[in-house]
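Everything below belongs to query.cif, which stores mmCIF, N, CA and C atoms.
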```
data_start
loop_
_atom_site.label_atom_id
_atom_site.label_comp_id
_atom_site.auth_asym_id
_atom_site.auth_seq_id
_atom_site.Cartn_x
_atom_site.Cartn_y
_atom_site.Cartn_z
N MET R 1437 0.90 -10.65 34.14
CA MET R 1437 1.35 -10.35 32.80
C MET R 1437 0.49 -11.15 31.83
N TYR R 1438 0.17 -10.52 30.72
CA TYR R 1438 -0.61 -11.18 29.68
C TYR R 1438 0.14 -11.00 28.37
N LEU R 1439 0.46 -12.11 27.73
CA LEU R 1439 1.16 -12.10 26.44
C LEU R 1439 0.24 -12.74 25.41
N GLU R 1440 0.03 -12.02 24.32
CA GLU R 1440 -0.76 -12.58 23.23
C GLU R 1440 0.12 -12.62 21.99
N VAL R 1441 0.19 -13.79 21.37
CA VAL R 1441 0.98 -13.98 20.16
C VAL R 1441 0.00 -14.20 19.01
N LYS R 1442 0.14 -13.40 17.98
CA LYS R 1442 -0.74 -13.50 16.82
C LYS R 1442 0.07 -13.60 15.55
N ARG R 1443 -0.26 -14.54 14.71
CA ARG R 1443 0.35 -14.63 13.39
C ARG R 1443 -0.53 -13.85 12.43
N ILE R 1444 0.07 -12.92 11.74
CA ILE R 1444 -0.67 -12.07 10.83
C ILE R 1444 -0.14 -12.32 9.42
N ARG R 1445 -0.99 -12.83 8.58
CA ARG R 1445 -0.56 -13.18 7.23
C ARG R 1445 -0.69 -12.01 6.26
N ARG R 1446 -1.77 -11.27 6.34
CA ARG R 1446 -1.98 -10.12 5.47
C ARG R 1446 -2.03 -8.88 6.35
N VAL R 1447 -0.90 -8.24 6.52
CA VAL R 1447 -0.79 -7.14 7.47
C VAL R 1447 -1.84 -6.07 7.23
N ALA R 1448 -1.97 -5.62 6.00
CA ALA R 1448 -2.91 -4.53 5.70
C ALA R 1448 -4.34 -4.88 6.11
N ASP R 1449 -4.73 -6.15 6.02
CA ASP R 1449 -6.10 -6.55 6.33
C ASP R 1449 -6.30 -6.93 7.80
N ASP R 1450 -5.31 -7.56 8.40
CA ASP R 1450 -5.50 -8.20 9.70
C ASP R 1450 -5.01 -7.41 10.92
N ILE R 1451 -4.01 -6.59 10.78
CA ILE R 1451 -3.36 -6.05 11.98
C ILE R 1451 -4.27 -5.13 12.78
N GLN R 1452 -5.02 -4.28 12.15
CA GLN R 1452 -5.88 -3.38 12.92
C GLN R 1452 -6.89 -4.15 13.75
N LYS R 1453 -7.47 -5.18 13.18
CA LYS R 1453 -8.43 -5.99 13.92
C LYS R 1453 -7.77 -6.62 15.13
N ARG R 1454 -6.60 -7.19 14.95
CA ARG R 1454 -5.88 -7.83 16.06
C ARG R 1454 -5.48 -6.82 17.13
N LEU R 1455 -5.04 -5.64 16.70
CA LEU R 1455 -4.66 -4.60 17.67
C LEU R 1455 -5.87 -4.11 18.46
N TYR R 1456 -7.01 -3.94 17.82
CA TYR R 1456 -8.22 -3.53 18.53
C TYR R 1456 -8.61 -4.58 19.57
N GLU R 1457 -8.54 -5.85 19.18
CA GLU R 1457 -8.87 -6.93 20.12
C GLU R 1457 -7.95 -6.91 21.33
N LEU R 1458 -6.65 -6.73 21.09
CA LEU R 1458 -5.70 -6.72 22.19
C LEU R 1458 -5.85 -5.46 23.03
N ALA R 1459 -6.12 -4.33 22.42
CA ALA R 1459 -6.34 -3.08 23.18
C ALA R 1459 -7.56 -3.23 24.09
N GLU R 1460 -8.61 -3.84 23.57
CA GLU R 1460 -9.81 -4.06 24.37
C GLU R 1460 -9.50 -4.97 25.56
N ALA R 1461 -8.76 -6.05 25.30
CA ALA R 1461 -8.38 -6.97 26.38
C ALA R 1461 -7.50 -6.26 27.40
N SER R 1462 -6.59 -5.43 26.93
CA SER R 1462 -5.69 -4.69 27.82
C SER R 1462 -6.47 -3.79 28.77
N LEU R 1463 -7.36 -2.99 28.21
CA LEU R 1463 -8.15 -2.08 29.05
C LEU R 1463 -9.04 -2.84 30.02
N GLU R 1464 -9.65 -3.90 29.53
CA GLU R 1464 -10.53 -4.69 30.39
C GLU R 1464 -9.75 -5.28 31.57
N MET R 1465 -8.60 -5.86 31.30
CA MET R 1465 -7.81 -6.46 32.38
C MET R 1465 -7.32 -5.42 33.36
N LYS R 1466 -6.85 -4.28 32.86
CA LYS R 1466 -6.32 -3.24 33.73
C LYS R 1466 -7.41 -2.61 34.59
N LEU R 1467 -8.62 -2.50 34.05
CA LEU R 1467 -9.72 -1.93 34.82
C LEU R 1467 -10.30 -2.93 35.81
N LEU R 1468 -10.46 -4.19 35.38
CA LEU R 1468 -11.07 -5.19 36.24
C LEU R 1468 -10.12 -5.79 37.27
N TYR R 1469 -8.89 -6.07 36.85
CA TYR R 1469 -7.96 -6.80 37.72
C TYR R 1469 -6.84 -5.93 38.26
N GLY R 1470 -6.65 -4.77 37.67
CA GLY R 1470 -5.59 -3.88 38.11
C GLY R 1470 -6.18 -2.64 38.76
N GLY R 1471 -5.36 -1.63 38.88
CA GLY R 1471 -5.80 -0.40 39.52
C GLY R 1471 -6.00 0.74 38.56
N ALA R 1472 -6.28 0.45 37.31
CA ALA R 1472 -6.43 1.51 36.31
C ALA R 1472 -7.70 2.31 36.57
N THR R 1473 -7.56 3.60 36.41
CA THR R 1473 -8.72 4.50 36.40
C THR R 1473 -8.59 5.32 35.13
N MET R 1474 -9.60 5.25 34.29
CA MET R 1474 -9.54 5.91 32.99
C MET R 1474 -10.47 7.12 32.99
N THR R 1475 -10.01 8.16 32.34
CA THR R 1475 -10.87 9.32 32.10
C THR R 1475 -10.92 9.55 30.60
N GLY R 1476 -12.06 9.96 30.13
CA GLY R 1476 -12.24 10.18 28.70
C GLY R 1476 -11.46 11.39 28.20
N LEU R 1477 -11.11 11.36 26.94
CA LEU R 1477 -10.36 12.46 26.34
C LEU R 1477 -11.18 13.19 25.29
N GLY R 1478 -12.44 12.81 25.13
CA GLY R 1478 -13.30 13.47 24.17
C GLY R 1478 -12.90 13.23 22.72
N ILE R 1479 -12.31 12.08 22.46
CA ILE R 1479 -11.88 11.74 21.11
C ILE R 1479 -13.08 11.23 20.32
N ASP R 1480 -13.28 11.76 19.13
CA ASP R 1480 -14.41 11.33 18.33
C ASP R 1480 -14.01 10.46 17.14
N ASP R 1481 -12.73 10.14 17.05
CA ASP R 1481 -12.24 9.33 15.93
C ASP R 1481 -11.02 8.54 16.42
N ASN R 1482 -11.10 7.21 16.35
CA ASN R 1482 -10.02 6.38 16.90
C ASN R 1482 -8.69 6.57 16.18
N ARG R 1483 -8.70 7.15 14.99
CA ARG R 1483 -7.44 7.42 14.30
C ARG R 1483 -6.63 8.49 15.01
N LYS R 1484 -7.26 9.25 15.87
CA LYS R 1484 -6.55 10.30 16.61
C LYS R 1484 -5.58 9.73 17.63
N THR R 1485 -5.70 8.43 17.94
CA THR R 1485 -4.73 7.83 18.87
C THR R 1485 -3.33 7.80 18.27
N ARG R 1486 -3.22 8.00 16.95
CA ARG R 1486 -1.90 8.08 16.32
C ARG R 1486 -1.22 9.41 16.62
N ASP R 1487 -1.99 10.40 17.02
CA ASP R 1487 -1.42 11.70 17.39
C ASP R 1487 -0.59 11.50 18.66
N PRO R 1488 0.68 11.91 18.66
CA PRO R 1488 1.53 11.68 19.82
C PRO R 1488 0.98 12.23 21.14
N GLY R 1489 0.32 13.37 21.11
CA GLY R 1489 -0.24 13.94 22.34
C GLY R 1489 -1.38 13.12 22.90
N VAL R 1490 -2.27 12.66 22.02
CA VAL R 1490 -3.39 11.82 22.44
C VAL R 1490 -2.88 10.47 22.92
N ALA R 1491 -1.95 9.89 22.17
CA ALA R 1491 -1.38 8.60 22.57
C ALA R 1491 -0.73 8.71 23.95
N LYS R 1492 -0.02 9.80 24.21
CA LYS R 1492 0.64 9.98 25.51
C LYS R 1492 -0.40 10.12 26.63
N ALA R 1493 -1.47 10.85 26.38
CA ALA R 1493 -2.51 11.02 27.40
C ALA R 1493 -3.16 9.69 27.75
N LEU R 1494 -3.39 8.85 26.75
CA LEU R 1494 -3.92 7.51 27.01
C LEU R 1494 -2.89 6.65 27.73
N ARG R 1495 -1.66 6.70 27.22
CA ARG R 1495 -0.59 5.87 27.79
C ARG R 1495 -0.34 6.20 29.25
N ASP R 1496 -0.40 7.48 29.60
CA ASP R 1496 -0.19 7.89 30.99
C ASP R 1496 -1.18 7.22 31.94
N GLN R 1497 -2.36 6.87 31.43
CA GLN R 1497 -3.38 6.24 32.27
C GLN R 1497 -3.18 4.73 32.43
N ILE R 1498 -2.44 4.10 31.52
CA ILE R 1498 -2.29 2.64 31.59
C ILE R 1498 -0.89 2.20 31.96
N GLU R 1499 0.09 3.08 31.80
CA GLU R 1499 1.48 2.70 31.99
C GLU R 1499 1.74 2.28 33.44
N GLY R 1500 2.33 1.12 33.59
CA GLY R 1500 2.68 0.61 34.90
C GLY R 1500 1.55 -0.01 35.68
N VAL R 1501 0.34 -0.03 35.09
CA VAL R 1501 -0.80 -0.67 35.76
C VAL R 1501 -0.80 -2.13 35.39
N ARG R 1502 -0.83 -2.98 36.41
CA ARG R 1502 -0.86 -4.40 36.14
C ARG R 1502 -2.27 -4.86 35.82
N PRO R 1503 -2.42 -5.93 35.07
CA PRO R 1503 -1.37 -6.74 34.46
C PRO R 1503 -0.73 -6.03 33.26
N ILE R 1504 0.53 -6.31 33.06
CA ILE R 1504 1.27 -5.78 31.92
C ILE R 1504 0.83 -6.59 30.69
N VAL R 1505 0.44 -5.89 29.64
CA VAL R 1505 -0.09 -6.55 28.43
C VAL R 1505 0.91 -6.37 27.30
N ILE R 1506 1.27 -7.50 26.68
CA ILE R 1506 2.28 -7.52 25.63
C ILE R 1506 1.69 -8.22 24.40
N GLY R 1507 1.94 -7.65 23.25
CA GLY R 1507 1.53 -8.29 22.00
C GLY R 1507 2.76 -8.64 21.19
N LEU R 1508 2.84 -9.86 20.72
CA LEU R 1508 3.88 -10.30 19.80
C LEU R 1508 3.19 -10.68 18.51
N PHE R 1509 3.41 -9.86 17.49
CA PHE R 1509 2.76 -10.06 16.20
C PHE R 1509 3.76 -10.64 15.21
N LEU R 1510 3.46 -11.80 14.73
CA LEU R 1510 4.34 -12.49 13.80
C LEU R 1510 4.04 -12.00 12.39
N CYS R 1511 4.61 -10.85 12.09
CA CYS R 1511 4.50 -10.22 10.79
C CYS R 1511 5.69 -9.28 10.65
N PRO R 1512 6.04 -8.89 9.44
CA PRO R 1512 7.20 -8.01 9.24
C PRO R 1512 6.99 -6.63 9.88
N ARG R 1513 7.97 -6.20 10.64
CA ARG R 1513 7.91 -4.90 11.30
C ARG R 1513 7.73 -3.76 10.31
N ASP R 1514 8.43 -3.83 9.17
CA ASP R 1514 8.34 -2.72 8.21
C ASP R 1514 6.93 -2.53 7.66
N GLU R 1515 6.12 -3.59 7.66
CA GLU R 1515 4.74 -3.48 7.19
C GLU R 1515 3.80 -3.00 8.30
N ALA R 1516 4.19 -3.19 9.55
CA ALA R 1516 3.27 -2.93 10.66
C ALA R 1516 3.71 -1.82 11.61
N GLU R 1517 4.91 -1.32 11.46
CA GLU R 1517 5.46 -0.32 12.38
C GLU R 1517 4.56 0.89 12.54
N ARG R 1518 3.89 1.32 11.49
CA ARG R 1518 3.07 2.53 11.57
C ARG R 1518 1.92 2.41 12.56
N TYR R 1519 1.58 1.18 12.97
CA TYR R 1519 0.49 0.97 13.93
C TYR R 1519 0.98 0.99 15.37
N ARG R 1520 2.29 0.96 15.58
CA ARG R 1520 2.84 0.81 16.93
C ARG R 1520 2.43 1.95 17.87
N THR R 1521 2.57 3.19 17.46
CA THR R 1521 2.28 4.32 18.34
C THR R 1521 0.84 4.29 18.85
N GLY R 1522 -0.11 4.10 17.94
CA GLY R 1522 -1.51 4.03 18.35
C GLY R 1522 -1.79 2.86 19.26
N ALA R 1523 -1.19 1.71 18.95
CA ALA R 1523 -1.42 0.50 19.75
C ALA R 1523 -0.82 0.64 21.14
N GLU R 1524 0.38 1.20 21.23
CA GLU R 1524 1.03 1.31 22.53
C GLU R 1524 0.43 2.42 23.39
N ALA R 1525 -0.58 3.11 22.87
CA ALA R 1525 -1.34 4.02 23.71
C ALA R 1525 -2.20 3.21 24.69
N LEU R 1526 -2.57 1.99 24.31
CA LEU R 1526 -3.48 1.18 25.13
C LEU R 1526 -2.90 -0.17 25.54
N ILE R 1527 -1.80 -0.56 24.94
CA ILE R 1527 -1.16 -1.84 25.20
C ILE R 1527 0.26 -1.52 25.67
N ASP R 1528 0.73 -2.20 26.71
CA ASP R 1528 2.04 -1.84 27.27
C ASP R 1528 3.16 -1.91 26.26
N ARG R 1529 3.26 -3.01 25.53
CA ARG R 1529 4.33 -3.13 24.52
C ARG R 1529 3.86 -3.99 23.37
N ILE R 1530 4.30 -3.63 22.17
CA ILE R 1530 4.05 -4.40 20.95
C ILE R 1530 5.41 -4.78 20.37
N PHE R 1531 5.54 -6.02 19.96
CA PHE R 1531 6.76 -6.50 19.31
C PHE R 1531 6.37 -7.18 18.01
N PHE R 1532 7.30 -7.17 17.04
CA PHE R 1532 7.08 -7.83 15.77
C PHE R 1532 8.10 -8.95 15.61
N GLN R 1533 7.97 -9.75 14.55
CA GLN R 1533 8.75 -10.98 14.42
C GLN R 1533 10.26 -10.77 14.48
N GLU R 1534 10.74 -9.61 14.06
CA GLU R 1534 12.18 -9.33 14.14
C GLU R 1534 12.62 -8.97 15.56
N GLU R 1535 11.66 -8.83 16.46
CA GLU R 1535 11.96 -8.36 17.81
C GLU R 1535 11.68 -9.40 18.89
N ILE R 1536 11.69 -10.67 18.53
CA ILE R 1536 11.39 -11.73 19.50
C ILE R 1536 12.38 -11.71 20.66
N ASP R 1537 13.66 -11.50 20.39
CA ASP R 1537 14.64 -11.41 21.48
C ASP R 1537 14.34 -10.24 22.40
N ASP R 1538 13.95 -9.09 21.83
CA ASP R 1538 13.58 -7.93 22.63
C ASP R 1538 12.35 -8.24 23.49
N CYS R 1539 11.42 -8.97 22.93
CA CYS R 1539 10.21 -9.35 23.65
C CYS R 1539 10.56 -10.21 24.86
N ILE R 1540 11.43 -11.19 24.66
CA ILE R 1540 11.85 -12.07 25.75
C ILE R 1540 12.56 -11.27 26.84
N ARG R 1541 13.42 -10.34 26.44
CA ARG R 1541 14.11 -9.49 27.43
C ARG R 1541 13.10 -8.64 28.20
N PHE R 1542 12.11 -8.09 27.51
CA PHE R 1542 11.10 -7.28 28.18
C PHE R 1542 10.31 -8.12 29.19
N ILE R 1543 9.94 -9.32 28.80
CA ILE R 1543 9.21 -10.21 29.71
C ILE R 1543 10.06 -10.50 30.94
N SER R 1544 11.32 -10.84 30.72
CA SER R 1544 12.22 -11.13 31.86
C SER R 1544 12.36 -9.94 32.79
N SER R 1545 12.58 -8.76 32.22
CA SER R 1545 12.76 -7.58 33.07
C SER R 1545 11.47 -7.22 33.80
N THR R 1546 10.33 -7.46 33.17
CA THR R 1546 9.05 -7.17 33.82
C THR R 1546 8.83 -8.12 34.98
N ILE R 1547 9.16 -9.39 34.80
CA ILE R 1547 9.03 -10.36 35.88
C ILE R 1547 9.93 -9.97 37.04
N GLU R 1548 11.15 -9.58 36.74
CA GLU R 1548 12.07 -9.15 37.80
C GLU R 1548 11.56 -7.88 38.50
N GLU R 1549 11.08 -6.93 37.71
CA GLU R 1549 10.61 -5.66 38.27
C GLU R 1549 9.44 -5.85 39.23
N TYR R 1550 8.51 -6.71 38.86
CA TYR R 1550 7.33 -6.92 39.69
C TYR R 1550 7.47 -8.12 40.62
N ASP R 1551 8.65 -8.74 40.62
CA ASP R 1551 8.96 -9.84 41.51
C ASP R 1551 7.88 -10.92 41.47
N SER R 1552 7.55 -11.32 40.23
CA SER R 1552 6.52 -12.36 40.10
C SER R 1552 6.88 -13.33 39.01
#
```

What is this structure when it is put down as C-alpha cells?
Amino acid sequence: MYLEVKRIRRVADDIQKRLYELAEASLEMKLLYGGATMTGLGIDDNRKTRDPGVAKALRDQIEGVRPIVIGLFLCPRDEAERYRTGAEALIDRIFFQEEIDDCIRFISSTIEEYDS
C-alpha cells in the first residue's frame, strides 16, 4: 500500500499537478511491483479521463492491482471534488480533508483484505 498526503493551499493552481504526480507514481508502482498490464485507449487529450467511460476503462486495468495507491489531499472537498473521477481512473482512492475518517477506514479494510 502506498499513501501520499499532500497539503494543497491553492486548489485551482496545485491540485492537477499533485494528481498527475500521484497518477504517475500509481501506474509506475503497479507496473513495476504489481501485476498490472496496461493497454492503450487511443486517448489524445488527458481531459478525456473525466469521461465516465474512459475513466472506467482505465480503472478496470488498475483496480485491485497491488500496491494499492491512496491520495489524501488536505484541501476542501467542494473545491476539488470535480477532479476525483479523472484521478480515480489511475489512483485507487482519493480522499479530501473532510474524509480523513473514511481514509483511515479504507486503509484498515485494505490491510485486512490483503492480510498485510

Got a sec to resolve the PyMOL selection byres ((chain R and resi 1467-1482) around 6.5) on this structure and send the residues as a list in words?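 Matching residues under the PyMOL selection byres ((chain R and resi 1467-1482) around 6.5) are Ser1462, Leu1463, Glu1464, Met1465, Lys1466, Arg1483, Lys1484, Thr1485, Arg1486, Gln1497, Ile1498, Val1501, Arg1502 and Pro1503 of chain R.
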
Could you list, as a list in words, every residue matched by the PyMOL selection byres (((chain R and resi 1438-1454 and name CA) around 8) and name CA) in this structure? Met1437, Leu1455, Tyr1456, Glu1457, Leu1458, Pro1503, Ile1504, Val1505, Ile1506, Gly1507, Leu1508, Phe1509, Leu1510, Cys1511, Glu1515, Ala1516 and Tyr1519 of chain R

DSSP on the backbone: which residues in chain R end up as alpha helix (DSSP H)? Give the answer as a PyMOL selection string. chain R and resi 1447-1468+1488-1498+1513-1516+1520-1523+1536-1550

Answer key for the PyMOL selection byres (((chain R and resi 1541-1546 and name CA) around 10) and name CA), residues as a VMD selection string: chain R and resid 1437 to 1439 1504 1506 1529 1531 1535 to 1540 1547 to 1552

What is the atom CA of R:Gly1500-atom CA of R:Pro1512 distance in Å, reported with one decimal? 27.4 Å

Report the distance between atom N of R:Leu1526 and atom CA of R:Ala1461 in Å, rounded to one decimal place. 10.9 Å

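Put simply, atom CA of R:Asp1528 is 12.7 Å away from atom C of R:Ala1493.
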